[in-house]
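Novice: Here you go, this is start17.tsv (TSV, C-alpha atoms).
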```
chain	number	residue	atom	x	y	z
Q	3	MET	CA	120.89	119.11	138.64
Q	4	THR	CA	120.21	122.09	140.95
Q	5	THR	CA	117.01	122.54	142.93
Q	6	LEU	CA	115.99	125.30	140.53
Q	7	ASP	CA	116.61	122.97	137.60
Q	8	ALA	CA	114.53	120.24	139.20
Q	9	THR	CA	111.64	122.67	139.73
Q	10	HIS	CA	111.66	123.68	136.07
Q	11	ALA	CA	112.52	120.32	134.58
Q	12	GLU	CA	110.44	119.24	131.61
Q	13	SER	CA	110.37	116.08	129.54
Q	14	PHE	CA	111.78	116.14	126.03
Q	15	ILE	CA	112.17	113.64	123.24
Q	16	LEU	CA	115.66	113.81	121.74
Q	17	LEU	CA	115.86	112.84	118.11
Q	18	ASN	CA	118.32	112.84	115.23
Q	19	VAL	CA	117.22	114.37	111.98
Q	20	GLY	CA	119.99	113.83	109.45
Q	21	ALA	CA	123.16	115.25	110.99
Q	22	ALA	CA	121.21	117.49	113.37
Q	23	ARG	CA	119.95	116.67	116.84
Q	24	PHE	CA	116.88	118.27	118.34
Q	25	ALA	CA	114.76	118.10	121.47
Q	26	VAL	CA	110.97	118.35	121.25
Q	27	SER	CA	108.81	118.90	124.33
Q	28	ALA	CA	107.02	115.68	125.25
Q	29	ASN	CA	103.83	117.78	125.49
Q	30	GLN	CA	103.96	118.26	121.73
Q	31	VAL	CA	104.58	114.58	120.94
Q	32	ALA	CA	101.69	112.20	120.37
Q	33	GLU	CA	103.66	109.10	119.43
Q	34	LEU	CA	106.81	107.68	117.85
Q	35	VAL	CA	106.10	105.18	115.08
Q	36	ALA	CA	108.36	103.01	112.94
Q	37	ALA	CA	108.88	104.24	109.39
Q	38	ASP	CA	106.08	102.70	107.40
Q	39	ARG	CA	104.56	103.06	103.97
Q	40	GLN	CA	104.11	106.68	103.00
Q	41	HIS	CA	101.16	107.39	100.74
Q	42	VAL	CA	101.53	110.04	98.10
Q	43	PHE	CA	99.00	111.85	95.92
Q	44	PRO	CA	99.14	115.09	93.96
Q	45	HIS	CA	99.01	118.30	95.98
Q	46	ARG	CA	100.56	121.76	96.01
Q	47	THR	CA	101.62	122.18	99.64
Q	48	GLU	CA	105.36	122.34	99.24
Q	49	TRP	CA	106.43	121.19	102.71
Q	50	ILE	CA	104.32	118.03	102.70
Q	51	ASP	CA	105.98	114.87	101.39
Q	52	GLY	CA	103.07	112.45	101.74
Q	53	VAL	CA	100.80	111.03	104.41
Q	54	LEU	CA	100.90	108.20	106.92
Q	55	LEU	CA	97.96	106.09	107.90
Q	56	CYS	CA	98.26	105.67	111.64
Q	57	ARG	CA	95.63	104.49	114.13
Q	58	GLY	CA	92.76	105.56	111.92
Q	59	ARG	CA	94.26	108.99	111.28
Q	60	ILE	CA	95.78	110.42	108.14
Q	61	VAL	CA	98.92	112.28	109.16
Q	62	PRO	CA	100.87	114.58	106.80
Q	63	VAL	CA	104.64	113.94	106.68
Q	64	CYS	CA	106.98	116.95	106.65
Q	65	LYS	CA	109.51	117.38	103.87
Q	66	ILE	CA	112.43	117.94	106.19
Q	67	GLU	CA	114.43	120.33	103.99
Q	68	CYS	CA	111.39	122.64	103.81
Q	69	VAL	CA	110.54	122.83	107.52
Q	70	LEU	CA	114.14	122.73	108.79
Q	71	PRO	CA	116.22	124.53	106.16
Q	72	GLY	CA	119.78	123.22	105.96
Q	73	VAL	CA	118.87	119.82	107.44
Q	74	THR	CA	118.84	116.82	105.10
Q	75	GLY	CA	118.47	113.08	105.44
Q	76	SER	CA	116.95	110.08	103.77
Q	77	ASN	CA	117.26	106.85	105.75
Q	78	TRP	CA	114.43	107.57	108.12
Q	79	ARG	CA	113.89	104.94	110.80
Q	80	TYR	CA	110.84	106.35	112.49
Q	81	TYR	CA	108.44	109.29	112.60
Q	82	LEU	CA	107.73	111.57	115.51
Q	83	LEU	CA	104.02	112.32	115.45
Q	84	GLY	CA	103.61	115.81	116.82
Q	85	ARG	CA	100.55	117.81	117.79
Q	86	TRP	CA	99.95	121.33	116.54
Q	87	ARG	CA	97.01	123.67	116.50
Q	88	HIS	CA	95.63	125.22	113.33
Q	89	GLY	CA	93.14	127.79	114.57
Q	90	ALA	CA	90.75	125.93	116.82
Q	91	THR	CA	91.63	122.51	115.43
Q	92	GLU	CA	94.35	120.18	116.69
Q	93	ASP	CA	96.15	118.31	113.95
Q	94	TRP	CA	99.01	115.85	113.82
Q	95	VAL	CA	102.12	116.03	111.74
Q	96	ALA	CA	104.89	113.46	111.19
Q	97	LEU	CA	108.53	114.50	111.43
Q	98	PRO	CA	110.90	111.88	109.97
Q	99	ALA	CA	113.90	110.98	112.10
Q	100	ASP	CA	116.81	108.55	112.23
Q	101	GLY	CA	119.21	107.24	114.86
Q	102	ASN	CA	117.87	106.57	118.33
Q	103	SER	CA	115.36	108.66	120.18
Q	104	GLU	CA	115.59	109.22	123.92
Q	105	LEU	CA	113.32	110.59	126.60
Q	106	PHE	CA	115.23	113.17	128.62
Q	107	GLU	CA	114.24	115.38	131.51
Q	108	ALA	CA	115.94	118.74	131.98
Q	109	ALA	CA	115.32	122.42	132.59
Q	110	PRO	CA	115.23	124.25	129.25
Q	111	ILE	CA	117.42	127.30	128.83
Q	112	PRO	CA	115.47	129.95	126.93
Q	113	LEU	CA	117.39	131.80	124.25
Q	114	GLN	CA	118.23	135.38	125.18
Q	115	GLU	CA	117.73	136.41	121.59
Q	116	ARG	CA	115.29	134.49	119.49
Q	117	ARG	CA	117.12	132.79	116.64
Q	118	ALA	CA	115.60	132.64	113.23
Q	119	GLY	CA	113.46	129.57	112.83
Q	120	CYS	CA	111.74	127.39	115.34
Q	121	VAL	CA	114.52	126.83	117.90
Q	122	THR	CA	113.25	128.36	121.15
Q	123	GLY	CA	115.81	127.17	123.69
Q	124	LEU	CA	118.65	124.84	124.57
Q	125	LEU	CA	119.15	121.79	126.72
Q	126	TRP	CA	122.40	120.82	128.31
Q	127	ARG	CA	123.05	117.14	128.38
Q	128	GLY	CA	126.52	116.54	129.82
Q	129	GLU	CA	128.92	118.03	127.29
Q	130	GLU	CA	126.27	118.24	124.62
Q	131	THR	CA	124.00	121.19	123.88
Q	132	VAL	CA	120.74	120.29	122.14
Q	133	GLU	CA	118.46	122.78	120.42
Q	134	ILE	CA	114.79	122.74	121.43
Q	135	LEU	CA	112.49	122.62	118.45
Q	136	ASP	CA	109.02	124.08	118.88
Q	137	LEU	CA	106.72	122.10	116.58
Q	138	GLN	CA	103.93	124.66	116.82
Q	139	ILE	CA	106.22	127.46	115.63
Q	140	MET	CA	107.69	125.20	112.93
Q	141	MET	CA	104.19	124.44	111.61
Q	142	ASP	CA	103.02	128.05	111.92
Q	143	MET	CA	106.01	129.15	109.85
Q	144	ALA	CA	105.38	126.48	107.21
Q	145	ALA	CA	101.69	127.42	107.07
Q	146	ALA	CA	102.48	131.13	106.81
Q	147	GLN	CA	104.91	130.54	103.92
Q	148	GLU	CA	102.28	128.44	102.17
Q	149	SER	CA	99.65	131.18	102.62
Q	150	ILE	CA	101.97	133.74	101.03
Q	151	LYS	CA	102.60	131.35	98.14
Q	152	SER	CA	98.87	130.62	97.61
Q	153	GLY	CA	98.11	134.35	97.74
Q	154	ASP	CA	100.62	134.90	94.94
Q	155	SER	CA	99.31	132.04	92.81
Q	156	GLY	CA	96.00	133.80	92.18
Q	157	ALA	CA	94.01	130.58	92.39
Q	158	GLY	CA	90.41	131.25	91.43
Q	159	SER	CA	87.24	130.57	93.38
Q	160	LEU	CA	85.00	127.66	92.68
Q	161	PRO	CA	81.80	128.29	90.80
R	24	MET	CA	72.17	93.92	122.64
R	25	ASN	CA	75.77	92.79	122.80
R	26	SER	CA	78.58	95.05	121.64
R	27	ARG	CA	79.07	93.11	118.41
R	28	GLY	CA	75.40	93.60	117.54
R	29	THR	CA	75.63	97.32	118.32
R	30	SER	CA	78.77	97.68	116.24
R	31	ARG	CA	77.14	95.89	113.28
R	32	LYS	CA	74.10	98.12	113.60
R	33	ALA	CA	76.29	101.22	113.69
R	34	GLN	CA	78.19	99.99	110.64
R	35	ALA	CA	74.96	99.31	108.79
R	36	ALA	CA	73.65	102.78	109.68
R	37	ARG	CA	76.79	104.52	108.47
R	38	PRO	CA	76.07	106.19	105.12
R	39	SER	CA	78.09	104.82	102.25
R	40	GLU	CA	78.84	106.15	98.81
R	41	ARG	CA	79.59	104.36	95.58
R	42	VAL	CA	82.76	105.55	93.92
R	43	ILE	CA	84.74	104.84	90.78
R	44	ILE	CA	88.45	104.29	91.32
R	45	PHE	CA	90.38	105.52	88.31
R	46	SER	CA	93.98	106.13	87.38
R	47	VAL	CA	95.72	109.02	85.70
R	48	GLY	CA	99.43	108.50	85.08
R	49	THR	CA	100.97	107.50	88.39
R	50	GLY	CA	98.00	108.71	90.43
R	51	THR	CA	94.90	106.87	91.64
R	52	PHE	CA	91.74	108.79	92.46
R	53	ALA	CA	88.12	108.19	93.40
R	54	ILE	CA	85.05	110.02	92.13
R	55	ALA	CA	81.45	109.60	93.31
R	56	VAL	CA	79.38	107.55	90.87
R	57	ASN	CA	76.61	110.16	91.22
R	58	ALA	CA	78.92	112.85	89.91
R	59	VAL	CA	79.44	111.07	86.59
R	60	GLN	CA	76.83	111.21	83.82
R	61	GLU	CA	78.61	109.05	81.28
R	62	ILE	CA	81.95	107.36	80.63
R	63	ARG	CA	83.09	106.90	77.03
R	64	SER	CA	86.27	105.82	75.32
R	65	THR	CA	88.23	108.73	73.89
R	66	ASP	CA	88.08	107.06	70.45
R	67	SER	CA	84.29	107.06	70.47
R	68	VAL	CA	84.04	110.83	70.97
R	69	ALA	CA	87.00	111.90	68.83
R	70	GLY	CA	84.68	112.99	66.00
R	71	SER	CA	82.60	115.25	68.26
R	72	THR	CA	85.38	117.38	69.67
R	73	GLU	CA	86.52	120.82	68.58
R	74	GLU	CA	89.86	122.35	69.33
R	75	LEU	CA	89.80	125.36	71.65
R	76	ARG	CA	92.49	127.89	70.90
R	77	ASP	CA	93.54	130.90	72.94
R	78	ALA	CA	91.40	129.87	75.90
R	79	MET	CA	94.27	130.54	78.30
R	80	VAL	CA	93.45	127.34	80.19
R	81	PRO	CA	96.30	124.97	79.26
R	82	LYS	CA	94.68	121.88	80.80
R	83	VAL	CA	91.73	122.22	78.38
R	84	ARG	CA	92.47	121.80	74.67
R	85	ASN	CA	89.14	120.60	73.37
R	86	MET	CA	85.44	120.95	73.84
R	87	LEU	CA	82.87	118.29	73.19
R	88	ARG	CA	79.28	118.78	72.10
R	89	ARG	CA	76.77	116.17	73.34
R	90	GLY	CA	73.23	117.10	72.39
R	91	ARG	CA	72.70	120.69	73.49
R	92	ARG	CA	75.42	120.61	76.12
R	93	THR	CA	79.02	121.67	75.66
R	94	TYR	CA	81.73	120.03	77.76
R	95	TYR	CA	85.21	121.41	78.29
R	96	VAL	CA	87.63	118.50	78.22
R	97	VAL	CA	90.07	118.70	81.14
R	98	SER	CA	93.29	116.70	81.06
R	99	ALA	CA	93.31	115.28	84.60
R	100	GLY	CA	97.07	114.72	84.32
R	101	ALA	CA	97.68	118.41	83.61
R	102	HIS	CA	95.17	119.43	86.29
R	103	PHE	CA	96.96	117.41	88.98
R	104	GLY	CA	100.44	118.19	87.66
R	105	LEU	CA	101.23	114.57	86.73
R	106	PRO	CA	103.60	113.47	83.96
R	107	PRO	CA	101.84	113.09	80.58
R	108	SER	CA	100.13	109.75	79.93
R	109	PRO	CA	97.79	108.64	77.14
R	110	PRO	CA	94.14	108.94	78.24
R	111	THR	CA	91.72	106.29	77.00
R	112	LEU	CA	88.55	107.34	78.81
R	113	ILE	CA	86.47	110.47	79.13
R	114	PHE	CA	84.18	111.11	82.12
R	115	LEU	CA	81.29	113.47	81.37
R	116	LEU	CA	80.36	114.99	84.71
R	117	ARG	CA	76.73	115.35	85.75
R	118	ASP	CA	75.11	118.82	85.79
R	119	SER	CA	78.39	120.30	84.65
R	120	HIS	CA	80.24	121.56	81.60
R	121	THR	CA	83.30	119.54	82.59
R	122	ALA	CA	84.57	116.35	81.01
R	123	VAL	CA	87.68	114.71	82.41
R	124	LEU	CA	90.27	112.59	80.62
R	125	ALA	CA	91.50	109.54	82.53
R	126	ASP	CA	93.73	106.57	81.73
R	127	ALA	CA	91.77	103.65	83.16
R	128	ILE	CA	89.10	102.54	85.59
R	129	GLU	CA	90.42	100.28	88.32
R	130	ARG	CA	87.08	99.32	89.85
R	131	MET	CA	83.86	100.53	91.40
R	132	THR	CA	83.44	100.21	95.15
R	133	GLU	CA	81.61	101.48	98.20
R	134	LEU	CA	83.10	104.02	100.60
R	135	SER	CA	81.93	103.98	104.17
R	136	ARG	CA	84.16	106.76	105.43
R	137	LEU	CA	85.52	109.93	103.94
R	138	PHE	CA	88.44	111.46	105.87
R	139	ALA	CA	88.74	115.24	105.84
R	140	LEU	CA	91.88	116.49	104.12
R	141	PRO	CA	94.25	117.37	107.01
R	142	ARG	CA	94.35	121.12	107.66
R	143	ALA	CA	98.07	121.13	106.89
R	144	PHE	CA	97.19	120.87	103.19
R	145	GLN	CA	96.73	124.46	102.14
R	146	GLY	CA	97.24	124.55	98.39
R	147	GLU	CA	94.91	124.05	95.43
R	148	GLU	CA	94.33	120.49	96.64
R	149	ARG	CA	91.75	121.92	99.06
R	150	SER	CA	89.51	122.58	96.06
R	151	TRP	CA	90.65	119.48	94.11
R	152	TYR	CA	89.53	116.98	96.74
R	153	ARG	CA	86.43	116.39	98.84
R	154	GLY	CA	88.52	114.31	101.20
R	155	LEU	CA	90.56	111.13	101.42
R	156	ALA	CA	89.48	107.50	101.39
R	157	VAL	CA	91.29	104.44	102.70
R	158	LEU	CA	90.79	101.40	100.50
R	159	ASP	CA	92.73	98.18	101.07
R	160	GLY	CA	95.31	100.08	103.11
R	161	ARG	CA	95.81	102.71	100.39
R	162	VAL	CA	95.05	106.40	100.85
R	163	ILE	CA	93.14	107.63	97.80
R	164	PRO	CA	91.97	111.20	97.23
R	165	VAL	CA	88.28	111.61	96.41
R	166	VAL	CA	87.98	114.31	93.77
R	167	ASN	CA	85.65	117.27	93.99
R	168	PRO	CA	83.88	117.39	90.61
R	169	ALA	CA	83.50	121.18	90.87
R	170	GLY	CA	87.24	121.56	91.46
R	171	PHE	CA	88.37	120.75	87.91
R	172	LEU	CA	87.48	124.19	86.55
R	173	HIS	CA	87.10	127.30	88.66
R	174	LYS	CA	84.89	130.27	87.86
R	175	GLY	CA	87.57	132.26	86.04
R	176	GLU	CA	88.57	129.29	83.89
R	177	LEU	CA	84.95	128.58	82.96
R	178	ALA	CA	84.46	132.22	81.94
R	179	ALA	CA	87.61	132.09	79.74
R	180	LEU	CA	86.44	128.84	78.15
R	181	ASP	CA	82.92	130.18	77.53
R	182	ALA	CA	84.47	133.20	75.78
R	183	ALA	CA	86.74	130.99	73.65
R	184	ALA	CA	83.79	128.74	72.73
R	185	ALA	CA	81.71	131.79	71.75
R	186	ARG	CA	84.56	133.04	69.51
R	187	LEU	CA	84.82	129.62	67.88
R	188	GLN	CA	81.08	129.57	67.20
R	189	ALA	CA	81.17	133.10	65.78
R	190	GLN	CA	84.01	132.11	63.42
R	191	GLY	CA	81.97	129.09	62.29
R	192	VAL	CA	78.91	131.23	61.54
R	193	ALA	CA	81.02	133.77	59.65
R	194	SER	CA	82.63	131.12	57.46
R	195	GLU	CA	79.26	129.52	56.49
```
Can you dump the structure from the file as structure tokens?
Specialist:
Amino acid sequence: MTTLDATHAESFILLNVGAARFAVSANQVAELVAADRQHVFPHRTEWIDGVLLCRGRIVPVCKIECVLPGVTGSNWRYYLLGRWRHGATEDWVALPADGNSELFEAAPIPLQERRAGCVTGLLWRGEETVEILDLQIMMDMAAAQESIKSGDSGAGSLP
Amino acid sequence: MNSRGTSRKAQAARPSERVIIFSVGTGTFAIAVNAVQEIRSTDSVAGSTEELRDAMVPKVRNMLRRGRRTYYVVSAGAHFGLPPSPPTLIFLLRDSHTAVLADAIERMTELSRLFALPRAFQGEERSWYRGLAVLDGRVIPVVNPAGFLHKGELAALDAAAARLQAQGVASE
């Protein structure tokens, strides 16, 4: 690692989601928890699969194919509990993952051109290049899509 | 006072709410006891219902007259988008024109904490639920009684009911 790298080094959690591998900034991660019972109830928010009950909080679980198009998986071993801001409020969201997670420190390489989606940079880890996933952007995109959908549905106001 | 005493006092001071836990198809829900005027079996009210046609509210097929009040009968399964199941109970909601069909009552219990619905939920569920409850390790949505029928639906149902009444008068 060069001096410049060391100056800009940040901590990331590396995780496998289906066949894909991502890095998430440790600043956006609240906790990693073992896959536990997911609670489900009727709702109309497409990208939410269910909720987890974790340390006195109710945390929505992402439907992976909705928030990361093209990524699929089913045998989740744990959840990454990430922090995101919705307006002035901080909320948590659970991202299902499999394989092993690792804590890794490296200098992120910003993308010259912003790719579609929520990948904001890359990490080099030996021979491997890992995409950096920005949870805030991922959630903002999911929320924006949901707003467009609700706007189209013409749901009425309560009396 | 020791910490245990303080904690007990805090627990005692925390407001609680009595709720009815009921099931509809595969779903389990809670509703505040105060929000329900009466619970009847569907068989017992079958003779007092009238079919509502052309109301443009698919989850409501019937209305029920109880005294001077008219109730629009909402299929909770259709409202929540659950697979069809045979309802056996009807909840007449207090200070409302809404009656709700349900499959069964699980129990009545006391809620000491209502969790806000996480902000990530952005769909119709924001009007369906007042919040979420945790009972015996299960997360159960607490329904918002006013969320079963919105303003536009009530207006369409009132119009359909008025047409039905007018037809009845004309045929007499």
Novice: Starting from the point (87.3, 111.2, 68.8), work out which residues of protein, DNA or RNA have an atom no more than 12 Å away when counting only C-alpha atoms; state them as an MDAnalysis selection string.
Specialist: chainID R and resid 63:74 85:88 96 110:113
Novice: Store the residues picked out above, limited to C-alpha atoms, as an mmCIF file, in the frame of the given file.
Specialist:
```
data_model
loop_
_atom_site.group_PDB
_atom_site.id
_atom_site.type_symbol
_atom_site.label_atom_id
_atom_site.label_comp_id
_atom_site.auth_asym_id
_atom_site.auth_seq_id
_atom_site.Cartn_x
_atom_site.Cartn_y
_atom_site.Cartn_z
ATOM 1 C CA ARG R 63 83.090 106.900 77.030
ATOM 2 C CA SER R 64 86.270 105.820 75.320
ATOM 3 C CA THR R 65 88.230 108.730 73.890
ATOM 4 C CA ASP R 66 88.080 107.060 70.450
ATOM 5 C CA SER R 67 84.290 107.060 70.470
ATOM 6 C CA VAL R 68 84.040 110.830 70.970
ATOM 7 C CA ALA R 69 87.000 111.900 68.830
ATOM 8 C CA GLY R 70 84.680 112.990 66.000
ATOM 9 C CA SER R 71 82.600 115.250 68.260
ATOM 10 C CA THR R 72 85.380 117.380 69.670
ATOM 11 C CA GLU R 73 86.520 120.820 68.580
ATOM 12 C CA GLU R 74 89.860 122.350 69.330
ATOM 13 C CA ASN R 85 89.140 120.600 73.370
ATOM 14 C CA MET R 86 85.440 120.950 73.840
ATOM 15 C CA LEU R 87 82.870 118.290 73.190
ATOM 16 C CA ARG R 88 79.280 118.780 72.100
ATOM 17 C CA VAL R 96 87.630 118.500 78.220
ATOM 18 C CA PRO R 110 94.140 108.940 78.240
ATOM 19 C CA THR R 111 91.720 106.290 77.000
ATOM 20 C CA LEU R 112 88.550 107.340 78.810
ATOM 21 C CA ILE R 113 86.470 110.470 79.130
#
```
Novice: Kindly provide the residues of chain R that approach chain Q to within 7 Å, each paired with its closest atom pair and their distance in Å to one decimal, based on all atoms listed in the file, listed by chain and increasing number, as a Markdown table.
Specialist:
```
| residue | atom | partner | partner_atom | distance |
| --- | --- | --- | --- | --- |
| R:Gly50 | CA | Q:Phe43 | CA | 6.4 |
| R:Phe103 | CA | Q:Pro44 | CA | 5.9 |
| R:Phe144 | CA | Q:Thr47 | CA | 5.8 |
| R:Gln145 | CA | Q:Thr47 | CA | 5.9 |
| R:Gly146 | CA | Q:Arg46 | CA | 4.9 |
| R:Glu147 | CA | Q:Arg46 | CA | 6.1 |
| R:Glu148 | CA | Q:His45 | CA | 5.2 |
| R:Val162 | CA | Q:His41 | CA | 6.2 |
| R:Ala169 | CA | Q:Leu160 | CA | 6.9 |
| R:Gly170 | CA | Q:Leu160 | CA | 6.6 |
| R:His173 | CA | Q:Leu160 | CA | 4.5 |
| R:Lys174 | CA | Q:Pro161 | CA | 4.7 |
| R:Gly175 | CA | Q:Gly158 | CA | 6.2 |
```
Novice: Report as an MDAnalysis selection string all protein, DNA and RNA residues lying within 8 Å of R:Pro168, evaluated on all atoms listed in the file, omitting residues in the same chain fewer than 3 positions from it.
Specialist: chainID R and resid 54 58 116 151 171
Novice: Please measure the separation of atom CA of R:Val157 and atom CA of R:Ala139, giving the value in Å to one decimal.
Specialist: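 Taking atom CA of R:Val157 and atom CA of R:Ala139, their separation equals 11.5 Å.
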Novice: Can you pull out every residue within 8 Å of R:Phe138, counting all atoms listed in the file, but drop anything in the same chain fewer than 3 positions away, and send it as a tab-separated table (two decimals) with C-alpha atoms, in the coordinates of the input?
Specialist:
```
chain	number	residue	atom	x	y	z
Q	60	ILE	CA	95.78	110.42	108.14
R	154	GLY	CA	88.52	114.31	101.20
R	155	LEU	CA	90.56	111.13	101.42
R	156	ALA	CA	89.48	107.50	101.39
```
Novice: Rounded to one decimal, what separation in Å do you get between atom CA of Q:Val26 and atom CA of Q:Glu115?
Specialist: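 Atom CA of Q:Glu115 lies at a distance of 19.3 Å from atom CA of Q:Val26.
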Novice: Can you tell me how far atom CA of Q:Asn18 sits from atom CA of Q:Met143, in Å to one decimal?
Specialist: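 For atom CA of Q:Asn18 relative to atom CA of Q:Met143, the distance reads 21.1 Å.
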Novice: Given the point (111.5, 130.9, 124.1) in the file's coordinates, find the residues that have an atom at most 10 Å from it, counting only C-alpha atoms, and give them as a ChimeraX atom specification.
Specialist: /Q:110-117,120-124,134,136
Novice: From the list Q:Arg79, Q:Leu135, Q:Lys65, Q:Leu125, which residue is nearest Q:Val31 when using all atoms listed in the file?
Specialist: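 Looking only at the distances to Q:Val31, the closest residue turns out to be Q:Leu135.
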Novice: Neighbours of Q:Leu34 within 9 Å (only C-alpha atoms; same-chain residues fewer than 5 positions away dropped), as JSON, numbers by chain?
Specialist: {"Q": [80, 81, 82, 83, 84, 103]}
Novice: Next, write the just-selected residues to a file, as a PDB file, keeping the file's coordinate frame, keeping C-alpha atoms as the atom set.
Specialist:
```
ATOM      1  CA  TYR Q  80     110.840 106.350 112.490  1.00  0.00           C
ATOM      2  CA  TYR Q  81     108.440 109.290 112.600  1.00  0.00           C
ATOM      3  CA  LEU Q  82     107.730 111.570 115.510  1.00  0.00           C
ATOM      4  CA  LEU Q  83     104.020 112.320 115.450  1.00  0.00           C
ATOM      5  CA  GLY Q  84     103.610 115.810 116.820  1.00  0.00           C
ATOM      6  CA  SER Q 103     115.360 108.660 120.180  1.00  0.00           C
TER       7      SER Q 103
END
```
Novice: Which is closer to R:Pro81 than all the others in R:Thr93, R:Ser150, R:Asn167, R:Ser98, using only C-alpha atoms?
Specialist: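 Nearest candidate to R:Pro81 out of R:Thr93, R:Ser150, R:Asn167, R:Ser98: R:Ser98.
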Novice: Write out as a list in words each polymer residue whose atoms come within 12 Å of Q:Trp126, counting all atoms listed in the file; drop sequence neighbours fewer than 6 positions from it.
Specialist: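 Skipping anything fewer than 6 positions along the chain leaves Met3, Asp7, Ala11, Phe14, Leu16, Phe24, Ala25, Phe106, Glu107, Ala108, Ala109, Pro110, Ile111, Pro112, Val132, Glu133 and Ile134 of chain Q.
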Novice: Find the smallest box with edges along x, y and z containing every listed atom of stretch 13-17 of chain Q, then add 3 Å on each side and report centre and edge lengths in Å to one decimal, as AutoDock Vina command-line options.
Specialist:
```
--center_x 113.1 --center_y 114.5 --center_z 123.8 --size_x 11.5 --size_y 9.3 --size_z 17.4
```
Novice: Keeping N, CA and C atoms, write stretch 113-126 of chain R of the structure just shown out as a PDB file, in the first residue's frame.
Specialist:
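Generated output (result_8.pdb):
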```pdb
ATOM      1  N   ILE R 113     -67.626 -10.883  11.762  1.00  0.00           N
ATOM      2  CA  ILE R 113     -67.705  -9.525  11.225  1.00  0.00           C
ATOM      3  C   ILE R 113     -67.488  -8.546  12.377  1.00  0.00           C
ATOM      4  N   PHE R 114     -66.553  -7.621  12.192  1.00  0.00           N
ATOM      5  CA  PHE R 114     -66.253  -6.598  13.197  1.00  0.00           C
ATOM      6  C   PHE R 114     -66.957  -5.316  12.759  1.00  0.00           C
ATOM      7  N   LEU R 115     -67.869  -4.821  13.574  1.00  0.00           N
ATOM      8  CA  LEU R 115     -68.496  -3.526  13.284  1.00  0.00           C
ATOM      9  C   LEU R 115     -67.660  -2.467  13.999  1.00  0.00           C
ATOM     10  N   LEU R 116     -67.067  -1.566  13.239  1.00  0.00           N
ATOM     11  CA  LEU R 116     -66.158  -0.595  13.844  1.00  0.00           C
ATOM     12  C   LEU R 116     -66.923   0.569  14.476  1.00  0.00           C
ATOM     13  N   ARG R 117     -66.371   1.072  15.548  1.00  0.00           N
ATOM     14  CA  ARG R 117     -67.015   2.140  16.321  1.00  0.00           C
ATOM     15  C   ARG R 117     -66.934   3.478  15.576  1.00  0.00           C
ATOM     16  N   ASP R 118     -68.005   4.255  15.660  1.00  0.00           N
ATOM     17  CA  ASP R 118     -68.060   5.587  15.031  1.00  0.00           C
ATOM     18  C   ASP R 118     -67.621   5.551  13.573  1.00  0.00           C
ATOM     19  N   SER R 119     -68.092   4.548  12.864  1.00  0.00           N
ATOM     20  CA  SER R 119     -67.616   4.344  11.497  1.00  0.00           C
ATOM     21  C   SER R 119     -68.721   3.674  10.678  1.00  0.00           C
ATOM     22  N   HIS R 120     -68.579   3.739   9.370  1.00  0.00           N
ATOM     23  CA  HIS R 120     -69.512   3.017   8.499  1.00  0.00           C
ATOM     24  C   HIS R 120     -68.839   1.755   7.964  1.00  0.00           C
ATOM     25  N   THR R 121     -67.767   1.342   8.614  1.00  0.00           N
ATOM     26  CA  THR R 121     -66.998   0.187   8.141  1.00  0.00           C
ATOM     27  C   THR R 121     -67.246  -1.036   9.009  1.00  0.00           C
ATOM     28  N   ALA R 122     -67.478  -2.153   8.347  1.00  0.00           N
ATOM     29  CA  ALA R 122     -67.494  -3.458   9.016  1.00  0.00           C
ATOM     30  C   ALA R 122     -66.440  -4.299   8.311  1.00  0.00           C
ATOM     31  N   VAL R 123     -65.764  -5.147   9.053  1.00  0.00           N
ATOM     32  CA  VAL R 123     -64.634  -5.887   8.486  1.00  0.00           C
ATOM     33  C   VAL R 123     -64.842  -7.385   8.683  1.00  0.00           C
ATOM     34  N   LEU R 124     -64.653  -8.135   7.604  1.00  0.00           N
ATOM     35  CA  LEU R 124     -64.771  -9.594   7.688  1.00  0.00           C
ATOM     36  C   LEU R 124     -63.431 -10.196   8.097  1.00  0.00           C
ATOM     37  N   ALA R 125     -63.475 -11.100   9.064  1.00  0.00           N
ATOM     38  CA  ALA R 125     -62.245 -11.766   9.522  1.00  0.00           C
ATOM     39  C   ALA R 125     -62.524 -13.256   9.675  1.00  0.00           C
ATOM     40  N   ASP R 126     -61.448 -14.038   9.740  1.00  0.00           N
ATOM     41  CA  ASP R 126     -61.617 -15.496   9.838  1.00  0.00           C
ATOM     42  C   ASP R 126     -61.825 -15.955  11.283  1.00  0.00           C
TER      43      ASP R 126
END
```
